[in-house]
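Working notes, structure below.
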Amino acid sequence: MHRLMAMLIYGCGLRLSECMGLRIKDIELERGLVTVRSGKGDEDRVTVLPESLMEDIREQMGRARGIYEEDRRRGLPGVALPYALERKYPNAGKKWEWFWLFPSQSLSVDPRTATVRRHHMHPASLQRAFKRAVQEAGIDKPVSVHTLRHSFATHLLESGYDIRTVQELLGHKHLQTTMIYTHVAKKNLLSVKSPLDAI
């Protein structure tokens with residue numbers, strides 16, 4: 001599961017919290033899209049879902065479905081909903097589409113309401129697994145889970161995608177924030193073929 005989370009962060013350009021907070025309704029397998037709800041700056045955005053992860057996502061949805069159905073059998077409260085949705089639609093948290101893609105294995109107390117319910121996996125679990133994987137791979141540079149998001153942006157720019165597209169996929173409000181990735185992508189200037197040579 002940690003491997004899939006890391007691949008989603010890299011493949012979609014997600015922040016760690018965005019990956020953890022994914023719900024079933026956020027994944028559009030048919031269209032190859034992921035909707036990030038209330039990302040940084042409280043904005044929703046849409047990003048790409050790698051085709052190579054489709055089968056893994058389906059399997060993860062199957063695992064989540066088993067946990068969801070067990071919660072329903074036990075009569076547990078539904079998952080927490082964002083903002084006022086819980087008041088407006090009191091039973092929506094019990095619906096499959098609102099369930100977490102990466103549900104926690106254990107129940108926890110919702111700090112806002114003191115309700116015992118299922119939350120998504122804790123970010124620290126992926127951070128620990130990622131740190132172990134980095135050590136096992138013998139990587140001696142400072143890397144974190146967030147490095148995967150940086151790599152997503154850098155690799156798109158190196159592949160020739162325009163900076164506005166990358167900005168939109170990352171959910172950056174200001175283009176200057178996305179511009180920080182261009183200095184890394186510039187390292188590949190020597191691999192650019194002159195248009196004169198293409199004639």
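Residue names in the structure tokens use chain letters A, B, ... in the order shown, residue numbers from 1 in each chain, and ligand numbers from 1 in the order shown.
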Non-local contacts of range 47-56 of chain A (6 Å; only C-alpha atoms; under 2 positions in same chain excluded) as a PyMOL selection string:
chain A and resi 11-12+32-34+58-59+169
Please save N, CA and C atoms of the selected residues as a PDB file, in the first residue's frame.
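The result, stored in again_22.pdb:
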ATOM      1  N   GLY A  11       3.256  10.118  -9.517  1.00  0.00           N
ATOM      2  CA  GLY A  11       2.544  10.054 -10.788  1.00  0.00           C
ATOM      3  C   GLY A  11       1.470  11.094 -10.982  1.00  0.00           C
ATOM      4  N   CYS A  12       0.972  11.667  -9.882  1.00  0.00           N
ATOM      5  CA  CYS A  12      -0.096  12.678  -9.952  1.00  0.00           C
ATOM      6  C   CYS A  12       0.367  14.051  -9.478  1.00  0.00           C
ATOM      7  N   GLY A  32      -9.156   8.573 -16.318  1.00  0.00           N
ATOM      8  CA  GLY A  32      -7.755   8.707 -15.946  1.00  0.00           C
ATOM      9  C   GLY A  32      -7.459  10.000 -15.207  1.00  0.00           C
ATOM     10  N   LEU A  33      -8.353  10.351 -14.271  1.00  0.00           N
ATOM     11  CA  LEU A  33      -8.215  11.614 -13.541  1.00  0.00           C
ATOM     12  C   LEU A  33      -8.322  11.409 -12.040  1.00  0.00           C
ATOM     13  N   VAL A  34      -7.670  12.301 -11.312  1.00  0.00           N
ATOM     14  CA  VAL A  34      -7.788  12.364  -9.851  1.00  0.00           C
ATOM     15  C   VAL A  34      -8.220  13.783  -9.509  1.00  0.00           C
ATOM     16  N   ARG A  58      -7.512  -0.331  -8.525  1.00  0.00           N
ATOM     17  CA  ARG A  58      -8.692  -1.214  -8.407  1.00  0.00           C
ATOM     18  C   ARG A  58      -8.536  -2.181  -7.239  1.00  0.00           C
ATOM     19  N   GLU A  59      -7.340  -2.743  -7.085  1.00  0.00           N
ATOM     20  CA  GLU A  59      -7.090  -3.664  -5.974  1.00  0.00           C
ATOM     21  C   GLU A  59      -7.213  -2.950  -4.631  1.00  0.00           C
ATOM     22  N   LEU A 169      -1.540  21.432 -12.838  1.00  0.00           N
ATOM     23  CA  LEU A 169      -1.519  20.075 -12.272  1.00  0.00           C
ATOM     24  C   LEU A 169      -1.061  20.076 -10.817  1.00  0.00           C
TER      25      LEU A 169
END
Give me the residues within 9 Å of Ser144 in chain A as a CSV table (one decimal) with C-alpha atoms, in the first residue's frame, counting only C-alpha atoms and dropping any in the same chain fewer than 2 places off.
chain,number,residue,atom,x,y,z
A,127,GLN,CA,7.0,8.8,5.8
A,130,PHE,CA,9.7,6.0,2.6
A,131,LYS,CA,12.6,6.7,4.9
A,134,VAL,CA,15.6,5.4,0.8
A,142,PRO,CA,18.3,14.3,1.5
A,146,HIS,CA,7.7,15.6,-1.0
A,147,THR,CA,10.7,15.0,-3.3
A,148,LEU,CA,8.3,12.8,-5.3
Residues within 12 Å of Pro82 in chain A, only C-alpha atoms, excluding chain neighbours under 5 positions, as a VMD selection string
chain A and resid 21 23 37 to 39 42 87 to 90 92 to 93 98 112
Output C-alpha atoms for every residue in that selection, as a PDB file, in the first residue's frame.
ATOM      1  CA  GLY A  21      -7.167  12.326   2.007  1.00  0.00           C
ATOM      2  CA  ARG A  23     -11.761   9.386  -1.303  1.00  0.00           C
ATOM      3  CA  ARG A  37     -10.414  18.408  -3.068  1.00  0.00           C
ATOM      4  CA  SER A  38      -9.601  21.376  -0.864  1.00  0.00           C
ATOM      5  CA  GLY A  39      -5.884  21.286  -1.642  1.00  0.00           C
ATOM      6  CA  ASP A  42      -8.627  25.360  -0.176  1.00  0.00           C
ATOM      7  CA  ARG A  87     -24.692  18.905   8.666  1.00  0.00           C
ATOM      8  CA  LYS A  88     -26.243  19.262   5.220  1.00  0.00           C
ATOM      9  CA  TYR A  89     -26.026  15.531   4.335  1.00  0.00           C
ATOM     10  CA  PRO A  90     -25.906  13.656   7.675  1.00  0.00           C
ATOM     11  CA  ALA A  92     -23.307  10.940   3.263  1.00  0.00           C
ATOM     12  CA  GLY A  93     -20.345   9.834   5.399  1.00  0.00           C
ATOM     13  CA  TRP A  98     -17.087   9.247   0.466  1.00  0.00           C
ATOM     14  CA  ARG A 112     -13.733  17.771  16.397  1.00  0.00           C
TER      15      ARG A 112
END
Per-residue DSSP, range 117-194 of chain A, filtered to strand (DSSP E or B), as a compact mmCIF listing (two decimals) with N, CA and C atoms, in the first residue's frame:
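This is the output file part_29.txt:
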# COMPACT_ATOMS: atom_id res chain seq x y z
N ARG A 117 -14.55 6.82 14.87
CA ARG A 117 -14.83 6.48 13.48
C ARG A 117 -13.55 6.11 12.75
N ARG A 118 -13.67 5.73 11.49
CA ARG A 118 -12.52 5.37 10.66
C ARG A 118 -11.98 6.64 10.01
N HIS A 119 -10.69 6.83 10.13
CA HIS A 119 -10.03 7.94 9.47
C HIS A 119 -9.13 7.36 8.38
N HIS A 120 -8.50 8.21 7.60
CA HIS A 120 -7.55 7.70 6.61
C HIS A 120 -6.24 7.36 7.30
Have a look at A:Thr113, A:Ala137, A:Ile180, A:Arg149 and name the one nearest to Leu14 in chain A; count only C-alpha atoms.
A:Arg149
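For the residues A:Ala114, A:Met1, A:Gly160, A:Trp96, ranking by smallest atom-to-atom distance to Arg72 in chain A using only C-alpha atoms places A:Trp96 first.
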What does the structure give for the distance between CA of Met20 in chain A and CA of Ser159 in chain A, in Å to one decimal?
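Those two atoms sit 27.7 Å apart.
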As number ranges by chain, please: every residue in chain A that a backbone DSSP assignment puts in helix (DSSP H, G or I).
A: 2-12, 16-20, 24-26, 40-42, 51-73, 85-88, 92-94, 96-98, 123-136, 145-158, 163-170, 175-179, 182-191, 195-198
Keeping only C-alpha atoms, write those residues as a JSON list (two decimals), in the first residue's frame.
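For reference, again_7.json as written:
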[["chain", "number", "residue", "atom", "x", "y", "z"],
["A", 2, "HIS", "CA", 2.86, 2.41, 0.81],
["A", 3, "ARG", "CA", 4.36, 1.69, -2.61],
["A", 4, "LEU", "CA", 1.07, 2.65, -4.30],
["A", 5, "MET", "CA", 0.83, 5.84, -2.25],
["A", 6, "ALA", "CA", 4.37, 6.86, -3.23],
["A", 7, "MET", "CA", 3.66, 6.11, -6.88],
["A", 8, "LEU", "CA", 0.47, 8.18, -6.75],
["A", 9, "ILE", "CA", 2.31, 11.12, -5.20],
["A", 10, "TYR", "CA", 4.92, 10.98, -7.97],
["A", 11, "GLY", "CA", 2.54, 10.05, -10.79],
["A", 12, "CYS", "CA", -0.10, 12.68, -9.95],
["A", 16, "LEU", "CA", 1.34, 13.86, 1.11],
["A", 17, "SER", "CA", -1.85, 15.11, 2.79],
["A", 18, "GLU", "CA", -3.68, 15.14, -0.56],
["A", 19, "CYS", "CA", -2.79, 11.50, -1.17],
["A", 20, "MET", "CA", -3.88, 10.43, 2.31],
["A", 24, "ILE", "CA", -13.27, 6.83, -3.67],
["A", 25, "LYS", "CA", -15.22, 9.57, -5.47],
["A", 26, "ASP", "CA", -11.95, 11.40, -6.25],
["A", 40, "LYS", "CA", -3.53, 23.98, -0.45],
["A", 41, "GLY", "CA", -5.36, 27.31, -0.56],
["A", 42, "ASP", "CA", -8.63, 25.36, -0.18],
["A", 51, "GLU", "CA", -2.51, 4.36, -16.60],
["A", 52, "SER", "CA", 0.13, 2.06, -15.14],
["A", 53, "LEU", "CA", -1.51, 2.32, -11.69],
["A", 54, "MET", "CA", -5.08, 1.48, -12.74],
["A", 55, "GLU", "CA", -4.95, -2.19, -11.67],
["A", 56, "ASP", "CA", -3.25, -1.33, -8.35],
["A", 57, "ILE", "CA", -5.92, 1.31, -7.69],
["A", 58, "ARG", "CA", -8.69, -1.21, -8.41],
["A", 59, "GLU", "CA", -7.09, -3.66, -5.97],
["A", 60, "GLN", "CA", -6.78, -0.95, -3.32],
["A", 61, "MET", "CA", -10.43, -0.01, -3.83],
["A", 62, "GLY", "CA", -11.27, -3.67, -3.25],
["A", 63, "ARG", "CA", -9.34, -3.69, 0.05],
["A", 64, "ALA", "CA", -11.00, -0.41, 1.09],
["A", 65, "ARG", "CA", -14.41, -1.84, 0.15],
["A", 66, "GLY", "CA", -13.89, -4.74, 2.54],
["A", 67, "ILE", "CA", -13.13, -2.34, 5.42],
["A", 68, "TYR", "CA", -16.08, -0.12, 4.42],
["A", 69, "GLU", "CA", -18.52, -3.05, 4.42],
["A", 70, "GLU", "CA", -17.25, -4.26, 7.79],
["A", 71, "ASP", "CA", -17.78, -0.74, 9.22],
["A", 72, "ARG", "CA", -21.34, -0.73, 7.85],
["A", 73, "ARG", "CA", -22.04, -4.19, 9.34],
["A", 85, "LEU", "CA", -21.40, 18.81, 4.35],
["A", 86, "GLU", "CA", -21.90, 16.63, 7.41],
["A", 87, "ARG", "CA", -24.69, 18.90, 8.67],
["A", 88, "LYS", "CA", -26.24, 19.26, 5.22],
["A", 92, "ALA", "CA", -23.31, 10.94, 3.26],
["A", 93, "GLY", "CA", -20.34, 9.83, 5.40],
["A", 94, "LYS", "CA", -21.77, 6.30, 5.35],
["A", 96, "TRP", "CA", -19.14, 4.26, -0.36],
["A", 97, "GLU", "CA", -18.12, 7.18, -2.58],
["A", 98, "TRP", "CA", -17.09, 9.25, 0.47],
["A", 123, "PRO", "CA", 0.91, 10.38, 7.01],
["A", 124, "ALA", "CA", 3.68, 9.23, 9.36],
["A", 125, "SER", "CA", 3.21, 5.60, 8.21],
["A", 126, "LEU", "CA", 4.20, 6.51, 4.64],
["A", 127, "GLN", "CA", 6.98, 8.82, 5.82],
["A", 128, "ARG", "CA", 8.52, 5.98, 7.87],
["A", 129, "ALA", "CA", 8.20, 3.47, 5.02],
["A", 130, "PHE", "CA", 9.69, 5.96, 2.55],
["A", 131, "LYS", "CA", 12.62, 6.70, 4.86],
["A", 132, "ARG", "CA", 13.33, 2.95, 5.18],
["A", 133, "ALA", "CA", 13.15, 2.49, 1.39],
["A", 134, "VAL", "CA", 15.58, 5.39, 0.84],
["A", 135, "GLN", "CA", 18.05, 3.87, 3.32],
["A", 136, "GLU", "CA", 17.72, 0.39, 1.80],
["A", 145, "VAL", "CA", 8.05, 12.03, 0.32],
["A", 146, "HIS", "CA", 7.67, 15.62, -0.97],
["A", 147, "THR", "CA", 10.65, 15.00, -3.27],
["A", 148, "LEU", "CA", 8.32, 12.82, -5.35],
["A", 149, "ARG", "CA", 6.07, 15.83, -6.05],
["A", 150, "HIS", "CA", 9.12, 17.90, -7.02],
["A", 151, "SER", "CA", 10.22, 15.12, -9.36],
["A", 152, "PHE", "CA", 6.77, 15.04, -11.00],
["A", 153, "ALA", "CA", 7.08, 18.74, -11.87],
["A", 154, "THR", "CA", 10.71, 18.57, -12.97],
["A", 155, "HIS", "CA", 10.18, 15.52, -15.18],
["A", 156, "LEU", "CA", 7.13, 17.08, -16.87],
["A", 157, "LEU", "CA", 9.12, 20.24, -17.66],
["A", 158, "GLU", "CA", 12.04, 18.16, -18.94],
["A", 163, "ILE", "CA", 4.90, 25.62, -17.31],
["A", 164, "ARG", "CA", 1.23, 26.71, -17.16],
["A", 165, "THR", "CA", 0.10, 23.08, -17.52],
["A", 166, "VAL", "CA", 2.49, 22.01, -14.77],
["A", 167, "GLN", "CA", 1.26, 24.89, -12.59],
["A", 168, "GLU", "CA", -2.32, 23.72, -13.01],
["A", 169, "LEU", "CA", -1.52, 20.07, -12.27],
["A", 170, "LEU", "CA", 0.38, 21.05, -9.12],
["A", 175, "LEU", "CA", 3.37, 30.87, -11.56],
["A", 176, "GLN", "CA", 6.48, 31.96, -9.60],
["A", 177, "THR", "CA", 6.01, 28.97, -7.31],
["A", 178, "THR", "CA", 6.14, 26.62, -10.30],
["A", 179, "MET", "CA", 9.12, 28.49, -11.77],
["A", 182, "THR", "CA", 12.68, 25.35, -14.20],
["A", 183, "HIS", "CA", 16.22, 25.71, -12.79],
["A", 184, "VAL", "CA", 16.40, 21.95, -12.30],
["A", 185, "ALA", "CA", 14.93, 21.26, -15.74],
["A", 186, "LYS", "CA", 17.49, 23.60, -17.36],
["A", 187, "LYS", "CA", 20.21, 21.07, -16.62],
["A", 188, "ASN", "CA", 18.99, 19.14, -19.66],
["A", 189, "LEU", "CA", 19.62, 22.01, -22.09],
["A", 190, "LEU", "CA", 22.53, 20.17, -23.70],
["A", 191, "SER", "CA", 20.19, 17.36, -24.74],
["A", 195, "PRO", "CA", 15.75, 23.28, -34.87],
["A", 196, "LEU", "CA", 18.38, 23.83, -37.58],
["A", 197, "ASP", "CA", 19.49, 20.21, -37.18],
["A", 198, "ALA", "CA", 15.91, 19.04, -37.68]]
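Distance-wise, CA of Asn91 in chain A and CA of Arg31 in chain A end up 27.8 Å apart.
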How many Å lie between CA of Lys173 in chain A and CA of Asp44 in chain A, rounded to one decimal?
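Atom-to-atom, CA of Lys173 in chain A to CA of Asp44 in chain A, that is 11.5 Å.
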